[in-house]
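Peer 1: Handing you this structure, nothing more for now.
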Amino acid sequence: MTADTPQPRAVAPARPDDSVRAVLRSPRLLTREALAGIVTTLALVPEVISFSVIAGVDPVVSLVASVVLAVVMSLLGGRPAMVTAAAGSVALVIAPLVRTHGVEYVLPTVLLAGVIQIVFGTAGLARLMRFIPRSVMIGFVNALGILIFVAQVPHLIDVPWIVYPLFALTIAIVVLLPRFTTVVPAPLVAIVVVTVIVVAAGLTDVHTVGDEGPMGGGLPGLTPWLVPFSPETLGIILPTALSVAFVGLMETLLTAKLVDDITETPSHKGKESWALGVANIAAGAYGGIAGCAMIGQTVVNVKIGRARTRVSTLAAGLFLLLLVTGLSSVMARIPMVALAAVMMVVAITTVDWHSVRPTTLRRMPVPETLVMVVTVGVVVATNNLAIGVAVGVLLAMVLFARRIAHVIRVERTVEPAVEPVAGAVAVADPDGSDRARARVRYDVVGPLFFGSSNDLVEHFSYADDALLAESSGVAGAHTHAESLEVTGVSTTASPDGEEARRTARPEATVLVDLSRASVWDASSVAALDSVGTKFAAHGLAVEFVGLDERSGSFHGRLTGQLGG
């Protein structure tokens with residue numbers, strides 16, 4: 001294998017107990033995976049019901065969709081042990097559509113979002129997630145926490161006084177119980193205790209899940225299509241479908257990376273992306289709402305349950321199906337205040353508080369903090385996570401380009417006459433004289449692209465170099481800019497492997513060394529051409545040397561071709 005041959009990507013080997021086959025053959029591992037799935041389901045139900053209320057759909061819709069999502073992703077997903085359900089940020093994205101146009105537009109929105117996710121995954125675009133800066137990711141998480149918290153506030157306004165003690169009790173159980181035991185999820189215990197109190201005391205004026213929509217037993221069947229096939233419908237659903245697709249992908253791929261780190265095993269992000277699209281299409285058709293990976297429940301499954309395979313998420317989906325079909329009447333009696341309290345705790349724990357500590361903000365570069373704050377502000381103002389992320393990414397790109405544009409520097413030195421440099425890009429002396437020898441050297445340091453090269457021409461001392469050359473008696477007496485000839489790099493490999501010039505060029509008065517720079521776009525080539533033009537206008541010949549193979553090839557293809 002030669003040095004130029006691409007090396008195969010190293011993939012961490014699966015542990016012996018991490019395969020489905022090993023789990024099915026071992027009662028101990030099968031028990032571990034099944035119990036992890038059951039515990040995950042118990043932690044999942046309260047959040048799914050709460051997010052269904054946020055999204056404005058019946059709780060049974062979200063629960064059935066979660067069953068479909070969990071089962072499909074268990075079979076097709078690229079990240080084993082990651083929990084997917086109809087909750088999270090997707091519910092926040094769908095909520096404005098339901099409030100404005102009605103729940104009947106959810107189905108076409110979800111189907112279109114699923115198609116977008118399939119295209120995204122099959123086209124290999126999941127790799128683009130690496131270009132989302134950390135500051136945008138933190139802004140996304142913080143904004144998600146704020147939106148979740150704000151969505152619960154209506155459940156605590158204009159309610160009977162008894163709601164507030166119940167709210168406090170729920171918060172106390174969720175916060176304090178984990179200090180004594182983590183065998184049973186604290187949110188589940190809190191919901192059960194508050195529900196028992198409300199039912200036993202006959203507190204009929206406390207709002208319950210059943211008041212949000214029907215919770216009859218059984219499965220709902222296929223979701224009916226209730227909107228017209230028309231351009232108007234497409235115009236209504238397209239913005240939300242794009243938001244559902246990309247917000248769902250972002251949260252799913254972020255969670256997949258988290259599980260990769262916890263389990264020290266790789267995942268297939270592209271497969272996870274298109275599988276999420278298939279799962280959302282299935283959930284939309286049989287359930288009615290989309291979903292994505294759920295960070296909190298995934299951590300419960302992987303860390304608390306120690307799950308490592310698809311068996312755990314499949315068990316979670318099947319156990320949730322049992323709850324939906326057999327215990328729907330019990331779920332209908334859950335007080336909304338308990339769910340609101342649980343979700344507020346979830347919202348508070350979702351926020352990355354370390355990112356907003358004064359010590360962190362003092363150390364963090366101002367552009368990074370600005371990107372995070374703008375991302376959060378746009379999300380909260382628009383109530384749309386996708387718009388906030390898009391604005392955050394664009395702002396980060398602009399600030400990065402501005403910052404890196406100032407990295408470029410040009411160092412000028414005056415040196416004695418030297419021999420011509422092999423492999424140079426030369427600009428002929430306008431009068432055809434071959435007397436000019438290199439007297440001034442410029443070292444260009446840093447990446448050359450549209451942001452840094454626009455003012456590159458201002459870093460050269462054309463008039464001073466012309467005076468120096470004239471006093472040395474090496475420059476032509478007359479100049480004509482129109483006689484300028486610009487050529488690209490023209491090199492060939494010599495037998496000993498060194499680069500040699502194919503065509504001899506005139507010796508130059510000015511040498512521009514680009515060995516510590518790289519040419520990345522046409523703007524940079526045009527800037528170098530402008531430098532050559534300005535030197536020629538002052539009667540000086542110039543050589544550009546030191547370009548690496550890629551930059552030299554790129555420069556040679558475009559130089560002299562960009563003028564009017």
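Going by the structure tokens order, chains are called A, B, ..., each with residues numbered from 1, while ligands are numbered from 1 in the order shown.
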Contacts between range 93-108 of chain A and range 261-311 of chain A, please, where a residue of range 261-311 of chain A counts if it comes within 12 Å (with only C-alpha atoms); show its shortest atom pair and distance in Å to one decimal, rows by chain and ascending number, as a Markdown table.

Peer 2:
| residue | atom | partner | partner_atom | distance |
| --- | --- | --- | --- | --- |
| A:Asn280 | CA | A:Leu107 | CA | 10.0 |
| A:Ile281 | CA | A:Leu107 | CA | 8.8 |
| A:Ala282 | CA | A:Leu107 | CA | 10.5 |
| A:Ala283 | CA | A:Leu107 | CA | 9.3 |
| A:Gly284 | CA | A:Leu107 | CA | 5.5 |
| A:Ala285 | CA | A:Leu107 | CA | 7.1 |
| A:Tyr286 | CA | A:Leu107 | CA | 9.6 |
| A:Gly287 | CA | A:Leu107 | CA | 9.1 |
| A:Gly288 | CA | A:Leu107 | CA | 5.6 |
| A:Ile289 | CA | A:Val106 | CA | 6.5 |
| A:Ala290 | CA | A:Val106 | CA | 8.6 |
| A:Gly291 | CA | A:Ile94 | CA | 10.4 |
| A:Cys292 | CA | A:Val93 | CA | 12.0 |

Peer 1: Neighbours of His155 in chain A within 9 Å (only C-alpha atoms; same-chain residues fewer than 5 positions away dropped), as a PyMOL selection string?

Peer 2: chain A and resi 207+336-337+340

Peer 1: Could you write out the selected residues, including all heavy atoms, as a PDB file, in the first residue's frame?

Peer 2:
ATOM      1  N   HIS A 207     -57.278  20.166  36.606  1.00  0.00           N
ATOM      2  CA  HIS A 207     -57.239  19.789  35.194  1.00  0.00           C
ATOM      3  C   HIS A 207     -56.420  18.512  35.007  1.00  0.00           C
ATOM      4  O   HIS A 207     -55.341  18.364  35.578  1.00  0.00           O
ATOM      5  CB  HIS A 207     -56.601  20.931  34.392  1.00  0.00           C
ATOM      6  CG  HIS A 207     -56.965  20.926  32.948  1.00  0.00           C
ATOM      7  ND1 HIS A 207     -58.254  21.058  32.494  1.00  0.00           N
ATOM      8  CD2 HIS A 207     -56.188  20.814  31.840  1.00  0.00           C
ATOM      9  CE1 HIS A 207     -58.262  21.037  31.176  1.00  0.00           C
ATOM     10  NE2 HIS A 207     -57.026  20.882  30.756  1.00  0.00           N
ATOM     11  N   MET A 336     -52.668  17.596  35.091  1.00  0.00           N
ATOM     12  CA  MET A 336     -51.775  18.357  34.230  1.00  0.00           C
ATOM     13  C   MET A 336     -50.710  19.099  35.020  1.00  0.00           C
ATOM     14  O   MET A 336     -49.600  19.317  34.530  1.00  0.00           O
ATOM     15  CB  MET A 336     -52.586  19.346  33.394  1.00  0.00           C
ATOM     16  CG  MET A 336     -53.380  18.715  32.269  1.00  0.00           C
ATOM     17  SD  MET A 336     -52.352  17.715  31.160  1.00  0.00           S
ATOM     18  CE  MET A 336     -51.128  18.910  30.680  1.00  0.00           C
ATOM     19  N   VAL A 337     -51.009  19.482  36.252  1.00  0.00           N
ATOM     20  CA  VAL A 337     -50.026  20.199  37.049  1.00  0.00           C
ATOM     21  C   VAL A 337     -48.802  19.322  37.326  1.00  0.00           C
ATOM     22  O   VAL A 337     -47.665  19.814  37.397  1.00  0.00           O
ATOM     23  CB  VAL A 337     -50.646  20.698  38.372  1.00  0.00           C
ATOM     24  CG1 VAL A 337     -51.117  19.537  39.238  1.00  0.00           C
ATOM     25  CG2 VAL A 337     -49.644  21.562  39.143  1.00  0.00           C
ATOM     26  N   ALA A 340     -46.792  19.360  34.152  1.00  0.00           N
ATOM     27  CA  ALA A 340     -46.173  20.673  33.982  1.00  0.00           C
ATOM     28  C   ALA A 340     -44.954  20.810  34.893  1.00  0.00           C
ATOM     29  O   ALA A 340     -43.910  21.332  34.479  1.00  0.00           O
ATOM     30  CB  ALA A 340     -47.189  21.777  34.277  1.00  0.00           C
TER      31      ALA A 340
END

Peer 1: So that I can see what lies close to Ser66 in chain A, please list as a list of chain:residue names the residues with an atom at most 10 Å from it, counting only C-alpha atoms and leaving out residues fewer than 3 positions away in the same chain.

Peer 2: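 Contacts, in chain order: A:Leu44, A:Val45, A:Val48, A:Val60, A:Val61, A:Ser62, A:Leu63, A:Leu69, A:Ala70, A:Val71, A:Val72, A:Val83, A:Thr84, A:Ala85, A:Ala86, A:Ala87, A:Ala279, A:Asn280, A:Ala283, A:Gly287, A:Ile289, A:Ala290, A:Gly291, A:Cys292, A:Ala316, A:Gly317, A:Leu320, A:Leu321.
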
Peer 1: Quick one: residues within 12 Å of Pro165 in chain A, only C-alpha atoms counted, chain neighbours fewer than 5 positions away excluded, as a list of chain:residue names?

Peer 2: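 Counting only C-alpha atoms, the residues come to A:Leu156, A:Val159, A:Pro160, A:Thr170, A:Ile171, A:Ala172, A:Val194, A:Ile197, A:Val198, A:Val206, A:Val337, A:Ala338, A:Ala341.
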
Peer 1: Please produce a file of the residues just selected, as a PDB file, in the first residue's frame, where the atoms kept are N, CA, C and O atoms.

Peer 2:
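Output saved as selection.pdb:
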ATOM      1  N   LEU A 156     -50.276  26.969  35.124  1.00  0.00           N
ATOM      2  CA  LEU A 156     -50.177  27.492  36.486  1.00  0.00           C
ATOM      3  C   LEU A 156     -50.831  28.861  36.632  1.00  0.00           C
ATOM      4  O   LEU A 156     -50.686  29.511  37.660  1.00  0.00           O
ATOM      5  N   VAL A 159     -55.720  29.070  37.914  1.00  0.00           N
ATOM      6  CA  VAL A 159     -56.077  27.711  38.330  1.00  0.00           C
ATOM      7  C   VAL A 159     -56.482  27.736  39.796  1.00  0.00           C
ATOM      8  O   VAL A 159     -56.144  28.675  40.534  1.00  0.00           O
ATOM      9  N   PRO A 160     -57.194  26.701  40.279  1.00  0.00           N
ATOM     10  CA  PRO A 160     -57.551  26.650  41.710  1.00  0.00           C
ATOM     11  C   PRO A 160     -56.307  26.651  42.593  1.00  0.00           C
ATOM     12  O   PRO A 160     -55.246  26.150  42.196  1.00  0.00           O
ATOM     13  N   THR A 170     -44.880  17.888  43.583  1.00  0.00           N
ATOM     14  CA  THR A 170     -44.276  17.218  42.428  1.00  0.00           C
ATOM     15  C   THR A 170     -42.809  17.604  42.282  1.00  0.00           C
ATOM     16  O   THR A 170     -41.932  16.748  42.087  1.00  0.00           O
ATOM     17  N   ILE A 171     -42.528  18.903  42.382  1.00  0.00           N
ATOM     18  CA  ILE A 171     -41.144  19.377  42.269  1.00  0.00           C
ATOM     19  C   ILE A 171     -40.278  18.751  43.366  1.00  0.00           C
ATOM     20  O   ILE A 171     -39.148  18.298  43.119  1.00  0.00           O
ATOM     21  N   ALA A 172     -40.807  18.703  44.585  1.00  0.00           N
ATOM     22  CA  ALA A 172     -40.038  18.162  45.706  1.00  0.00           C
ATOM     23  C   ALA A 172     -39.679  16.697  45.475  1.00  0.00           C
ATOM     24  O   ALA A 172     -38.535  16.279  45.729  1.00  0.00           O
ATOM     25  N   VAL A 194     -49.106  12.264  43.025  1.00  0.00           N
ATOM     26  CA  VAL A 194     -50.032  13.397  42.847  1.00  0.00           C
ATOM     27  C   VAL A 194     -51.356  12.917  42.260  1.00  0.00           C
ATOM     28  O   VAL A 194     -52.434  13.396  42.648  1.00  0.00           O
ATOM     29  N   ILE A 197     -53.410  11.351  45.026  1.00  0.00           N
ATOM     30  CA  ILE A 197     -53.965  12.379  45.913  1.00  0.00           C
ATOM     31  C   ILE A 197     -55.183  13.029  45.288  1.00  0.00           C
ATOM     32  O   ILE A 197     -56.231  13.208  45.935  1.00  0.00           O
ATOM     33  N   VAL A 198     -55.072  13.368  43.998  1.00  0.00           N
ATOM     34  CA  VAL A 198     -56.193  14.043  43.314  1.00  0.00           C
ATOM     35  C   VAL A 198     -57.396  13.126  43.225  1.00  0.00           C
ATOM     36  O   VAL A 198     -58.543  13.541  43.481  1.00  0.00           O
ATOM     37  N   VAL A 206     -59.289  20.023  39.409  1.00  0.00           N
ATOM     38  CA  VAL A 206     -57.897  19.995  38.925  1.00  0.00           C
ATOM     39  C   VAL A 206     -57.881  19.437  37.519  1.00  0.00           C
ATOM     40  O   VAL A 206     -58.400  18.350  37.259  1.00  0.00           O
ATOM     41  N   VAL A 337     -51.009  19.482  36.252  1.00  0.00           N
ATOM     42  CA  VAL A 337     -50.026  20.199  37.049  1.00  0.00           C
ATOM     43  C   VAL A 337     -48.802  19.322  37.326  1.00  0.00           C
ATOM     44  O   VAL A 337     -47.665  19.814  37.397  1.00  0.00           O
ATOM     45  N   ALA A 338     -49.013  18.019  37.479  1.00  0.00           N
ATOM     46  CA  ALA A 338     -47.892  17.113  37.706  1.00  0.00           C
ATOM     47  C   ALA A 338     -46.997  17.050  36.476  1.00  0.00           C
ATOM     48  O   ALA A 338     -45.762  17.095  36.582  1.00  0.00           O
ATOM     49  N   ALA A 341     -45.078  20.336  36.121  1.00  0.00           N
ATOM     50  CA  ALA A 341     -43.950  20.409  37.047  1.00  0.00           C
ATOM     51  C   ALA A 341     -42.784  19.554  36.562  1.00  0.00           C
ATOM     52  O   ALA A 341     -41.619  19.978  36.613  1.00  0.00           O
TER      53      ALA A 341
END

Peer 1: Let me make sure I understand: among A:Leu254, A:Arg409, A:Ser89, A:Val525, which one has the smallest atom-to-atom distance to Arg130 in chain A if we use only C-alpha atoms?

Peer 2: A:Leu254

Peer 1: Quick check, in Å to one decimal: how far apart do CA of Gly451 in chain A and CA of Leu514 in chain A lie?

Peer 2: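 Between CA of Gly451 in chain A and CA of Leu514 in chain A the gap is 17.3 Å.
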
Peer 1: Report, in Å with one decimal, the straight-line distance from CA of Val545 in chain A to CA of Asp443 in chain A.

Peer 2: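 It comes out at 9.7 Å.
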